[in-house]
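A.B. asks: Data file structure_19.txt (compact mmCIF, C-alpha atoms) is appended below.
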# COMPACT_ATOMS: atom_id res chain seq x y z
CA MET A 12 46.29 9.17 -8.20
CA ASP A 13 47.50 5.61 -7.74
CA ASN A 14 45.28 2.58 -7.99
CA ASN A 15 44.45 2.53 -4.31
CA PHE A 16 41.16 4.00 -3.26
CA VAL A 17 41.45 7.37 -1.63
CA THR A 18 39.94 6.68 1.75
CA ARG A 19 38.35 10.04 2.50
CA GLU A 20 36.87 10.58 -0.95
CA ILE A 21 35.65 7.02 -1.31
CA SER A 22 33.90 7.38 2.01
CA ILE A 23 32.10 10.46 0.69
CA LEU A 24 31.20 8.55 -2.49
CA TYR A 25 29.74 5.75 -0.35
CA GLN A 26 27.65 8.34 1.50
CA LEU A 27 26.39 9.68 -1.80
CA ILE A 28 25.43 6.20 -2.97
CA SER A 29 23.73 5.56 0.37
CA LEU A 30 21.78 8.79 -0.04
CA GLY A 31 20.77 7.60 -3.52
CA LEU A 32 19.48 4.33 -2.04
CA HIS A 33 17.35 6.27 0.46
CA GLU A 34 16.06 8.37 -2.45
CA SER A 35 15.14 5.20 -4.34
CA ALA A 36 13.25 3.88 -1.31
CA TYR A 37 11.34 7.16 -1.17
CA SER A 38 10.53 6.96 -4.90
CA LEU A 39 9.32 3.39 -4.47
CA SER A 40 7.18 4.46 -1.52
CA LEU A 41 5.56 7.08 -3.69
CA ILE A 42 5.04 4.64 -6.57
CA LEU A 43 3.60 1.90 -4.37
CA GLY A 44 1.71 4.14 -1.94
CA LYS A 45 3.29 2.45 1.09
CA VAL A 46 6.44 2.99 3.08
CA ILE A 47 9.48 1.17 1.77
CA LYS A 48 12.67 1.55 3.77
CA ILE A 49 16.23 0.74 2.91
CA LYS A 50 18.51 -1.17 5.26
CA THR A 51 21.81 0.58 6.01
CA PRO A 52 23.96 -0.56 3.10
CA THR A 53 27.37 -2.21 3.30
CA PHE A 54 30.03 -1.40 0.75
CA GLU A 55 32.91 -3.32 -0.68
CA SER A 56 35.39 -2.18 -3.29
CA LEU A 57 36.90 -4.53 -5.82
CA ASN A 58 39.46 -4.22 -8.55
CA SER A 59 38.15 -4.92 -12.01
CA ALA A 60 39.88 -8.28 -12.32
CA ASN A 61 37.92 -9.72 -9.40
CA VAL A 62 34.44 -8.72 -10.50
CA LYS A 63 33.89 -11.61 -12.87
CA ASP A 64 34.91 -14.16 -10.23
CA LEU A 65 32.50 -12.68 -7.72
CA LEU A 66 29.66 -12.64 -10.24
CA CYS A 67 30.37 -16.27 -11.21
CA GLN A 68 30.63 -17.45 -7.62
CA GLU A 69 27.72 -15.66 -5.99
CA HIS A 70 25.41 -14.25 -8.63
CA ILE A 71 25.36 -16.70 -11.52
CA SER A 72 21.89 -18.01 -10.67
CA ASN A 73 20.44 -14.56 -9.92
CA ASN A 74 18.35 -12.26 -12.04
CA ILE A 75 20.59 -9.43 -13.17
CA VAL A 76 19.51 -6.06 -14.52
CA THR A 77 22.26 -4.07 -16.19
CA LEU A 78 22.39 -0.60 -17.60
CA ASP A 79 25.17 1.57 -18.92
CA PHE A 80 25.58 5.16 -17.88
CA ASP A 81 27.62 8.09 -19.08
CA GLU A 82 27.66 11.85 -18.97
CA LYS A 83 25.18 11.89 -21.82
CA TYR A 84 24.11 8.51 -23.02
CA GLU A 85 23.61 8.69 -26.75
CA PRO A 86 24.50 5.30 -28.24
CA SER A 87 23.64 6.46 -31.75
CA ASN A 88 26.06 9.36 -31.63
CA LYS A 89 29.65 8.16 -31.59
CA ASP A 90 30.98 11.72 -31.48
CA VAL A 91 29.74 12.36 -27.97
CA ILE A 92 32.71 12.57 -25.64
CA SER A 93 32.39 9.79 -23.15
CA LYS A 94 33.37 11.41 -19.87
CA PHE A 95 31.91 9.26 -17.11
CA PRO A 96 31.25 5.83 -18.61
CA GLY A 97 30.19 3.03 -16.33
CA GLN A 98 27.66 0.35 -15.68
CA ILE A 99 25.27 -0.58 -12.92
CA LEU A 100 24.28 -4.18 -12.22
CA PHE A 101 21.34 -4.95 -9.99
CA SER A 102 21.50 -8.55 -8.86
CA ILE A 103 18.75 -10.33 -6.97
CA SER A 104 18.12 -14.01 -6.27
CA LYS A 105 15.19 -15.70 -8.03
CA GLU A 106 13.40 -16.24 -4.73
CA GLN A 107 13.81 -12.59 -3.70
CA SER A 108 12.69 -11.53 -7.20
CA LYS A 109 9.32 -13.13 -6.53
CA ALA A 110 9.06 -11.38 -3.16
CA LEU A 111 9.94 -8.14 -4.92
CA ALA A 112 7.19 -8.73 -7.47
CA HIS A 113 4.71 -9.34 -4.63
CA MET A 114 5.81 -6.09 -2.98
CA TYR A 115 5.51 -4.33 -6.29
CA ALA A 116 2.28 -5.76 -7.63
CA SER A 117 0.44 -6.47 -4.33
CA SER A 118 -1.20 -9.41 -6.07
CA GLN A 119 -1.22 -13.11 -5.28
CA ASP A 120 -1.13 -14.03 -8.94
CA ILE A 121 2.48 -13.39 -9.88
CA ASN A 122 3.75 -14.73 -13.17
CA GLU A 123 7.19 -14.58 -14.76
CA GLU A 124 6.33 -11.49 -16.76
CA ILE A 125 5.42 -9.54 -13.62
CA VAL A 126 8.60 -10.73 -11.88
CA ASN A 127 10.74 -9.61 -14.83
CA SER A 128 8.93 -6.31 -15.06
CA ALA A 129 9.35 -5.64 -11.33
CA ASN A 130 13.08 -6.43 -11.59
CA LEU A 131 13.51 -4.02 -14.47
CA GLU A 132 11.53 -1.28 -12.74
CA ILE A 133 13.44 -1.58 -9.48
CA GLY A 134 16.76 -1.74 -11.30
CA ASN A 135 15.77 1.40 -13.18
CA THR A 136 14.58 3.24 -10.07
CA LEU A 137 17.69 2.33 -8.08
CA SER A 138 20.08 3.31 -10.84
CA ALA A 139 18.33 6.59 -11.55
CA ALA A 140 18.30 7.53 -7.86
CA ILE A 141 21.99 6.70 -7.35
CA LEU A 142 23.11 8.45 -10.54
CA ASN A 143 20.94 11.52 -9.89
CA THR A 144 22.28 11.88 -6.37
CA ILE A 145 25.92 11.63 -7.46
CA ALA A 146 25.33 13.97 -10.41
CA ASP A 147 23.41 16.50 -8.32
CA LYS A 148 26.03 16.74 -5.60
CA LEU A 149 29.01 16.82 -7.97
CA CYS A 150 27.35 19.25 -10.42
CA ILE A 151 27.73 16.88 -13.35
CA SER A 152 25.31 15.07 -15.60
CA LEU A 153 24.93 11.28 -15.53
CA SER A 154 22.37 9.59 -17.73
CA PRO A 155 21.38 5.93 -17.68
CA ALA A 156 20.66 3.89 -20.78
CA LEU A 157 17.70 1.53 -20.97
CA PRO A 158 18.04 -1.51 -18.69
CA ASN A 159 18.43 -5.11 -19.81
CA LEU A 160 17.40 -8.12 -17.80
CA TYR A 161 19.31 -11.41 -17.78
CA ASN A 162 17.66 -14.42 -16.20
CA ASP A 163 19.75 -17.52 -16.61
CA ILE A 164 23.23 -16.37 -17.37
CA GLU A 165 26.22 -18.59 -17.96
CA GLU A 166 29.83 -17.91 -17.13
CA GLU A 167 30.69 -17.17 -20.75
CA THR A 168 27.97 -14.57 -21.11
CA ILE A 169 29.07 -12.60 -18.03
CA GLU A 170 31.91 -11.06 -20.03
CA LYS A 171 29.39 -9.82 -22.58
CA ILE A 172 27.00 -8.49 -19.94
CA ILE A 173 29.57 -6.34 -18.22
CA ASN A 174 31.48 -5.00 -21.24
CA TYR A 175 34.38 -6.84 -19.73
CA GLU A 176 36.96 -5.88 -22.31
CA ASP A 177 36.35 -2.19 -21.72
CA PHE A 178 36.40 -2.73 -18.01
CA LEU A 179 39.72 -4.57 -17.94
CA LYS A 180 41.25 -1.97 -20.21
CA ALA A 181 40.29 0.81 -17.84
CA GLN A 182 43.38 2.25 -16.19
CA ASN A 183 41.49 3.03 -13.03
CA GLY A 184 38.76 0.43 -13.47
CA LYS A 185 37.09 0.09 -10.11
CA SER A 186 33.89 -1.36 -8.86
CA ILE A 187 31.80 -0.92 -5.77
CA ILE A 188 29.49 -3.62 -4.50
CA ILE A 189 26.60 -2.51 -2.34
CA ARG A 190 24.54 -4.92 -0.28
CA SER A 191 21.29 -3.79 1.26
CA SER A 192 17.59 -4.67 1.60
CA PHE A 193 14.27 -3.11 0.83
CA ILE A 194 12.01 -3.37 3.86
CA ASP A 195 8.26 -2.99 4.06
CA LYS A 196 5.93 -4.08 6.87
CA ASN A 197 5.94 -7.75 5.90
CA THR A 198 9.08 -8.39 3.92
CA GLU A 199 12.78 -7.79 3.70
CA ILE A 200 14.24 -8.20 0.24
CA GLU A 201 17.99 -8.51 -0.18
CA ILE A 202 19.54 -6.64 -3.07
CA ASN A 203 23.04 -6.34 -4.50
CA ILE A 204 24.23 -3.50 -6.67
CA PHE A 205 27.49 -3.38 -8.58
CA ILE A 206 28.72 -0.06 -9.88
CA LEU A 207 31.50 -0.52 -12.44
CA PHE A 208 33.50 2.54 -13.37
CA TYR A 209 35.03 2.36 -16.87
CA LYS A 210 37.95 4.30 -18.29
CA ASN A 211 38.78 7.19 -15.96
CA THR A 212 35.32 7.60 -14.42
CA PHE A 213 36.38 6.69 -10.92
CA LYS A 214 39.38 9.00 -11.05
CA GLU A 215 37.25 11.81 -12.49
CA LEU A 216 34.58 11.46 -9.82
CA ILE A 217 37.15 11.47 -7.04
CA GLU A 218 38.84 14.52 -8.58
CA ARG A 219 35.44 16.26 -8.68
CA LEU A 220 34.84 15.44 -5.05
CA LYS A 221 38.20 16.90 -4.12
CA ARG A 222 37.78 19.97 -6.30
CA ASN A 223 34.21 20.74 -5.31
CA HIS A 224 34.53 20.24 -1.62
CA TYR A 225 38.05 20.43 -0.36
CA SER A 226 39.59 23.30 -2.25
CA MET B 15 -8.32 13.46 -1.86
CA ASP B 16 -9.78 10.16 -2.96
CA LEU B 17 -7.86 7.98 -0.51
CA SER B 18 -8.87 5.41 2.07
CA HIS B 19 -7.88 6.04 5.69
CA GLU B 20 -5.17 3.39 5.41
CA GLU B 21 -3.77 4.95 2.23
CA TYR B 22 -3.76 8.37 3.93
CA LEU B 23 -1.82 6.91 6.87
CA ASN B 24 0.67 5.40 4.43
CA TYR B 25 1.28 8.86 2.99
CA THR B 26 1.83 10.34 6.44
CA GLU B 27 4.56 7.72 6.89
CA ILE B 28 5.97 8.52 3.47
CA PHE B 29 6.10 12.16 4.57
CA ASN B 30 8.08 11.02 7.63
CA SER B 31 10.52 9.24 5.34
CA LEU B 32 11.13 12.58 3.63
CA VAL B 33 12.24 13.97 6.98
CA ALA B 34 14.58 10.97 7.34
CA LEU B 35 15.93 11.59 3.85
CA GLY B 36 16.67 15.21 4.80
CA LEU B 37 18.52 14.04 7.90
CA HIS B 38 20.68 11.69 5.83
CA GLU B 39 21.42 14.55 3.46
CA SER B 40 22.49 16.77 6.36
CA ALA B 41 24.99 14.08 7.44
CA PHE B 42 26.46 14.18 3.95
CA TYR B 43 26.89 17.97 4.12
CA LEU B 44 28.46 17.74 7.58
CA SER B 45 30.91 15.13 6.28
CA ILE B 46 31.93 17.50 3.51
CA LEU B 47 32.29 20.45 5.87
CA LEU B 48 34.18 18.60 8.56
CA ASN B 49 36.24 16.50 6.23
CA LYS B 50 35.33 13.27 8.00
CA THR B 51 32.50 10.80 7.79
CA ILE B 52 29.47 11.72 9.87
CA GLN B 53 26.49 9.43 9.66
CA ILE B 54 22.97 9.73 10.94
CA LYS B 55 21.49 6.98 13.10
CA GLU B 56 18.30 5.59 11.54
CA PRO B 57 15.78 8.08 12.91
CA LYS B 58 12.76 7.10 14.99
CA ILE B 59 9.91 9.30 13.79
CA GLU B 60 6.46 9.60 15.30
CA ILE B 61 3.50 11.87 14.62
CA THR B 62 1.82 12.83 17.85
CA PRO B 63 -0.22 15.66 19.35
CA LEU B 64 2.13 17.82 21.39
CA ASN B 65 0.82 18.22 24.90
CA GLU B 66 2.20 19.40 28.23
CA ASN B 67 4.36 16.30 28.52
CA LEU B 68 6.84 17.03 25.80
CA PRO B 69 8.43 13.61 25.40
CA ILE B 70 11.90 14.90 24.70
CA PHE B 71 12.70 16.63 27.98
CA ASP B 72 12.57 13.49 30.05
CA LYS B 73 15.02 14.40 32.80
CA LYS B 74 13.92 17.29 34.98
CA ASP B 75 17.36 18.16 36.35
CA THR B 76 19.21 18.00 33.07
CA LYS B 77 20.12 21.18 31.26
CA TYR B 78 19.08 21.27 27.59
CA ILE B 79 19.92 23.52 24.67
CA THR B 80 17.21 24.14 22.08
CA SER B 81 17.46 25.82 18.74
CA VAL B 82 14.16 27.11 17.40
CA LEU B 83 13.44 28.12 13.80
CA ASP B 84 10.26 29.28 12.10
CA TYR B 85 9.57 28.23 8.54
CA TRP B 86 7.01 29.31 5.98
CA THR B 87 5.53 27.92 2.82
CA GLU B 88 5.43 30.36 -0.02
CA ARG B 89 3.23 30.12 -3.08
CA LYS B 90 5.24 30.36 -6.25
CA GLY B 91 4.44 33.49 -8.24
CA ASP B 92 2.48 35.66 -5.88
CA GLY B 93 4.85 35.26 -2.93
CA GLU B 94 1.93 35.01 -0.54
CA GLU B 95 2.70 33.39 2.77
CA ASN B 96 0.30 30.52 3.29
CA GLY B 97 1.53 28.38 6.10
CA LYS B 98 3.86 28.52 9.07
CA GLY B 99 5.60 25.86 11.12
CA LEU B 100 8.27 25.43 13.77
CA LEU B 101 11.44 23.36 13.93
CA ILE B 102 12.92 22.72 17.37
CA PHE B 103 16.27 20.96 17.78
CA ILE B 104 17.07 19.73 21.27
CA PHE B 105 20.41 18.65 22.71
CA SER B 106 21.15 17.82 26.32
CA GLU B 107 24.13 19.69 27.77
CA TYR B 108 26.12 16.45 27.71
CA ASN B 109 25.36 15.94 24.01
CA GLU B 110 26.18 19.57 23.24
CA GLN B 111 29.63 18.93 24.69
CA LYS B 112 29.99 15.74 22.63
CA LEU B 113 28.86 17.56 19.50
CA THR B 114 31.47 20.24 20.11
CA GLU B 115 34.15 17.58 20.52
CA MET B 116 32.98 15.83 17.34
CA GLN B 117 32.79 18.94 15.22
CA SER B 118 35.41 21.35 16.47
CA PRO B 119 38.71 20.56 14.76
CA LEU B 120 40.45 23.11 16.97
CA LEU B 121 39.31 21.64 20.23
CA ASP B 122 42.58 19.87 21.01
CA LYS B 123 44.35 23.20 20.88
CA LEU B 124 41.66 25.13 22.68
CA GLN B 125 41.28 22.71 25.59
CA ASN B 126 38.57 24.85 27.14
CA CYS B 127 36.06 25.35 24.42
CA SER B 128 34.16 28.56 25.00
CA GLN B 129 30.38 28.61 25.27
CA GLU B 130 30.40 30.89 22.24
CA ILE B 131 31.97 28.17 20.08
CA ALA B 132 29.58 25.54 21.44
CA ASP B 133 26.59 27.79 20.68
CA SER B 134 27.93 28.54 17.25
CA ILE B 135 28.24 24.81 16.50
CA ILE B 136 24.65 24.20 17.62
CA LYS B 137 23.44 27.07 15.41
CA GLU B 138 25.43 25.81 12.44
CA ASN B 139 24.03 22.31 12.88
CA SER B 140 20.48 23.67 13.15
CA ASN B 141 20.99 25.56 9.91
CA ILE B 142 22.35 22.51 8.10
CA LEU B 143 19.69 20.17 9.48
CA SER B 144 16.78 22.51 8.83
CA GLY B 145 18.16 23.43 5.40
CA SER B 146 18.49 19.77 4.39
CA ILE B 147 15.09 18.73 5.73
CA LEU B 148 13.22 21.70 4.25
CA LYS B 149 15.07 21.47 0.93
CA THR B 150 14.24 17.77 0.64
CA ILE B 151 10.56 18.37 1.39
CA SER B 152 10.53 21.38 -0.89
CA ASN B 153 12.12 19.45 -3.79
CA LYS B 154 9.64 16.60 -3.52
CA THR B 155 6.53 18.74 -3.12
CA SER B 156 7.53 21.69 -5.35
CA ILE B 157 6.53 24.06 -2.54
CA THR B 158 9.06 26.68 -1.52
CA LEU B 159 9.95 26.58 2.18
CA ILE B 160 11.82 29.39 3.87
CA ALA B 161 13.41 29.15 7.32
CA SER B 162 14.31 31.86 9.81
CA THR B 163 17.68 32.02 11.57
CA PRO B 164 17.91 29.82 14.68
CA GLU B 165 17.22 31.17 18.16
CA LEU B 166 19.06 29.41 20.99
CA HIS B 167 17.65 28.82 24.45
CA ALA B 168 19.31 26.96 27.29
CA GLY B 169 17.80 25.84 30.56
CA LYS B 170 16.18 23.02 32.51
CA SER B 171 13.26 21.14 31.01
CA ASP B 172 10.50 23.16 32.73
CA GLU B 173 11.98 26.47 31.58
CA LEU B 174 12.33 25.30 28.00
CA LYS B 175 8.80 23.87 27.94
CA GLN B 176 7.53 27.32 28.86
CA ILE B 177 9.61 28.98 26.14
CA ILE B 178 8.35 26.55 23.49
CA LYS B 179 4.78 26.89 24.73
CA GLY B 180 5.10 30.69 24.50
CA LYS B 181 6.44 30.42 20.95
CA ILE B 182 3.58 28.12 19.91
CA ILE B 183 1.01 30.55 21.34
CA GLU B 184 2.76 33.58 19.82
CA ASP B 185 2.80 31.97 16.36
CA ASN B 186 -0.68 30.46 16.84
CA ILE B 187 0.47 27.08 15.53
CA ASP B 188 -1.67 23.95 15.73
CA THR B 189 0.27 21.23 17.58
CA GLN B 190 -2.04 18.29 16.86
CA LYS B 191 0.21 16.79 14.18
CA SER B 192 3.67 17.25 15.58
CA ILE B 193 6.53 15.14 14.28
CA VAL B 194 8.92 13.96 16.98
CA VAL B 195 12.26 12.63 15.78
CA GLU B 196 14.96 10.88 17.79
CA THR B 197 18.28 10.29 16.10
CA ALA B 198 22.04 10.74 16.53
CA PHE B 199 25.11 11.88 14.66
CA ILE B 200 27.71 9.14 14.54
CA ASP B 201 31.38 9.31 13.69
CA GLU B 202 34.15 6.78 14.31
CA GLU B 203 34.54 7.80 17.93
CA SER B 204 31.22 8.93 19.31
CA GLU B 205 27.47 9.19 19.03
CA VAL B 206 25.67 12.48 19.70
CA GLN B 207 21.97 12.12 20.49
CA LEU B 208 19.64 14.78 19.21
CA SER B 209 15.91 15.27 19.17
CA LEU B 210 13.85 17.27 16.77
CA ILE B 211 10.26 18.40 17.02
CA ILE B 212 8.63 19.62 13.84
CA ILE B 213 5.38 21.43 14.52
CA PRO B 214 4.12 21.85 10.98
CA GLY B 215 0.83 23.55 11.89
CA ASP B 216 -1.10 24.38 8.72
CA THR B 217 1.88 23.54 6.49
CA TYR B 218 1.26 19.84 7.20
CA ASP B 219 -1.87 19.52 5.10
CA ILE B 220 -0.45 21.79 2.38
CA LEU B 221 2.68 19.64 2.04
CA LEU B 222 1.00 16.27 2.49
CA ASN B 223 -1.70 17.07 -0.05
CA LYS B 224 0.96 18.09 -2.55
CA LEU B 225 2.83 14.85 -1.89
CA ILE B 226 -0.36 12.87 -2.49
CA GLU B 227 -1.05 14.89 -5.65
CA ASN B 228 2.42 14.01 -6.91
CA ARG B 229 1.98 10.29 -6.37
CA ILE B 230 2.76 8.12 -9.33
CA TYR B 231 -0.25 6.08 -10.44
Write out the structure in this file as structure tokens.

C.D. replies:
Amino acid sequence: MDNNFVTREISILYQLISLGLHESAYSLSLILGKVIKIKTPTFESLNSANVKDLLCQEHISNNIVTLDFDEKYEPSNKDVISKFPGQILFSISKEQSKALAHMYASSQDINEEIVNSANLEIGNTLSAAILNTIADKLCISLSPALPNLYNDIEEETIEKIINYEDFLKAQNGKSIIIRSSFIDKNTEIEINIFILFYKNTFKELIERLKRNHYS
Amino acid sequence: MDLSHEEYLNYTEIFNSLVALGLHESAFYLSILLNKTIQIKEPKIEITPLNENLPIFDKKDTKYITSVLDYWTERKGDGEENGKGLLIFIFSEYNEQKLTEMQSPLLDKLQNCSQEIADSIIKENSNILSGSILKTISNKTSITLIASTPELHAGKSDELKQIIKGKIIEDNIDTQKSIVVETAFIDEESEVQLSLIIIPGDTYDILLNKLIENRIY
């Protein structure tokens, strides 16, 4: 497979991610006891080299939740074969973070701790839903690590946040940027999700899609 | 259930969002099967008592095709049947033709697509749609749902109303909480409108109560 995205398979992958977003909205609805909908997402694919620029230009002042994922995420065990390594970044503006906390906590008294906690929870819910959906449909296992929240990042720290060295080294390093919104009766909250595929993860997933469904 | 009226209504809407989730899943399966991207238009879902004026068959002179499936809830373990509902998919004749064009890869060669192929496509879609919706609800409520094979009926709105009415009476299903869904399949070239009526009967309370039980507080 060359470095170009394979149109048909990538389109299926987008559908899977979209399905995951709908799943996350359902999970949030169940957690919050009110209907949360997801706006039809838009997708953009980027080569690894361009991710840092985009993050620096558009997301530097945002709150960013990151978590690593892999087939089985066991950071203590270096012997585990890393088959589908990658990372998810959930990026949300500070203003939208507060709105998210209000949606989440249904309280007027929102402090920084609640905002941070809501960001982490939503980042976790979104990532779990997306990874579960992809894993379920491709008959693989994808496990997320614990999330980390970064509030006021600087350009230099972005490389540390996104395991940039690993990412640039990846032969088929790809990333997908998803833009969408959570919608409830009173609010629409814009969210951005980056999925970074390390090593051969993207190639492997596409191969799985081909093998599982087109053979 | 220890819920306020407003909270209960919220859960009925959350139940609707499960139906929407199932529809999105069916679009994914269709994309895989047809080897092209099929999407589902954001569905409009309403819970309403089903009366004589079925909202779907709005044009008296138009011919419609309906696909009707029964479904049951089944208790895990004892296998006892404890609830029955109906799923009714409705396409106008025009949309059946568009669906056939969208989903029959051989159509260019066949020019005149036979009614048999068109019916088969409607049945296949009913199976995929009902399978996805019921599987999604089943997964989230941990209640097994089993569907029958689809029965096709074609005719003008008055004829189909009578058929559906007969089916409701035969199965003795309560129509007070019927879920009416309007959506469409979309690909790059066309949009195929479809309507769905879910008459959950006594399965509604079984499934909704389970959903409320499973809530995360």

A.B. asks: Could you list, as an NGL selection string, the residues of chain A having an atom within 6 Å of chain B when counting only C-alpha atoms?

C.D. replies: :A and (41-42 or 45-46)

A.B. asks: Give as a list in words every residue, naming chains and numbers as the document does, that has an atom within 8 Å of (18.7, 10.1, 19.2), counting all atoms listed in the file.

C.D. replies: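 Residues satisfying the cut-off, written out: Lys55, Pro57, Lys58, Val195, Glu196, Thr197, Ala198, Val206, Gln207, Leu208 and Ser209 of chain B.
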
A.B. asks: Rank nothing, just name the residue among A:Gln98, A:Ser108, A:Ser22, A:Gln68 nearest to Leu207 (chain A), using only C-alpha atoms.

C.D. replies: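 Going through A:Gln98, A:Ser108, A:Ser22, A:Gln68 one by one, the smallest distance to Leu207 (chain A) is for A:Gln98.
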
A.B. asks: Each residue of region 107-179 of chain B with at least one atom at most 12 Å from region 94-103 of chain B should appear once, together with its nearest atom pair and the corresponding distance in Å (one decimal); atoms considered: all atoms listed in the file; ordering: chain, then increasing residue number; output as CSV.

C.D. replies:
residue,atom,partner,partner_atom,distance
B:Glu110,CA,B:Phe103,CA,11.4
B:Ile136,CA,B:Phe103,CA,9.0
B:Lys137,CA,B:Phe103,CA,9.7
B:Glu138,CA,B:Phe103,CA,11.7
B:Asn139,CA,B:Phe103,CA,9.3
B:Ser140,CA,B:Phe103,CA,6.8
B:Asn141,CA,B:Phe103,CA,10.3
B:Ile142,CA,B:Phe103,CA,11.5
B:Leu143,CA,B:Phe103,CA,9.0
B:Ser144,CA,B:Leu101,CA,7.4
B:Gly145,CA,B:Leu101,CA,10.9
B:Ile147,CA,B:Leu101,CA,10.1
B:Leu148,CA,B:Leu101,CA,10.0
B:Ile157,CA,B:Asn96,CA,10.7
B:Thr158,CA,B:Glu95,CA,10.2
B:Leu159,CA,B:Lys98,CA,9.4
B:Ile160,CA,B:Lys98,CA,9.5
B:Ala161,CA,B:Leu101,CA,9.0
B:Ser162,CA,B:Leu100,CA,9.7
B:Thr163,CA,B:Leu101,CA,10.9
B:Pro164,CA,B:Ile102,CA,9.1
B:Glu165,CA,B:Ile102,CA,9.5
B:Leu166,CA,B:Phe103,CA,9.5
B:His167,CA,B:Phe103,CA,10.4
B:Ala168,CA,B:Phe103,CA,11.6
B:Leu174,CA,B:Ile102,CA,11.0
B:Lys175,CA,B:Ile102,CA,11.4
B:Ile177,CA,B:Ile102,CA,11.3
B:Ile178,CA,B:Ile102,CA,8.5
B:Lys179,CA,B:Leu100,CA,11.6

A.B. asks: Which of these residues is nearest to Asn130 (chain A), using all atoms listed in the file: A:Ile164, A:Thr144, A:Asp81, A:Val76?

C.D. replies: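 Using all atoms listed in the file, Asn130 (chain A) sits closest to A:Val76.
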
A.B. asks: Report, in Å with one decimal, the straight-line distance from CA of Glu215 (chain A) to CA of Lys171 (chain A).

C.D. replies: 25.1 Å

A.B. asks: CA of Asp16 (chain B) and CA of Gly44 (chain A) are how many Å apart?

C.D. replies: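 Between CA of Asp16 (chain B) and CA of Gly44 (chain A) the gap is 13.0 Å.
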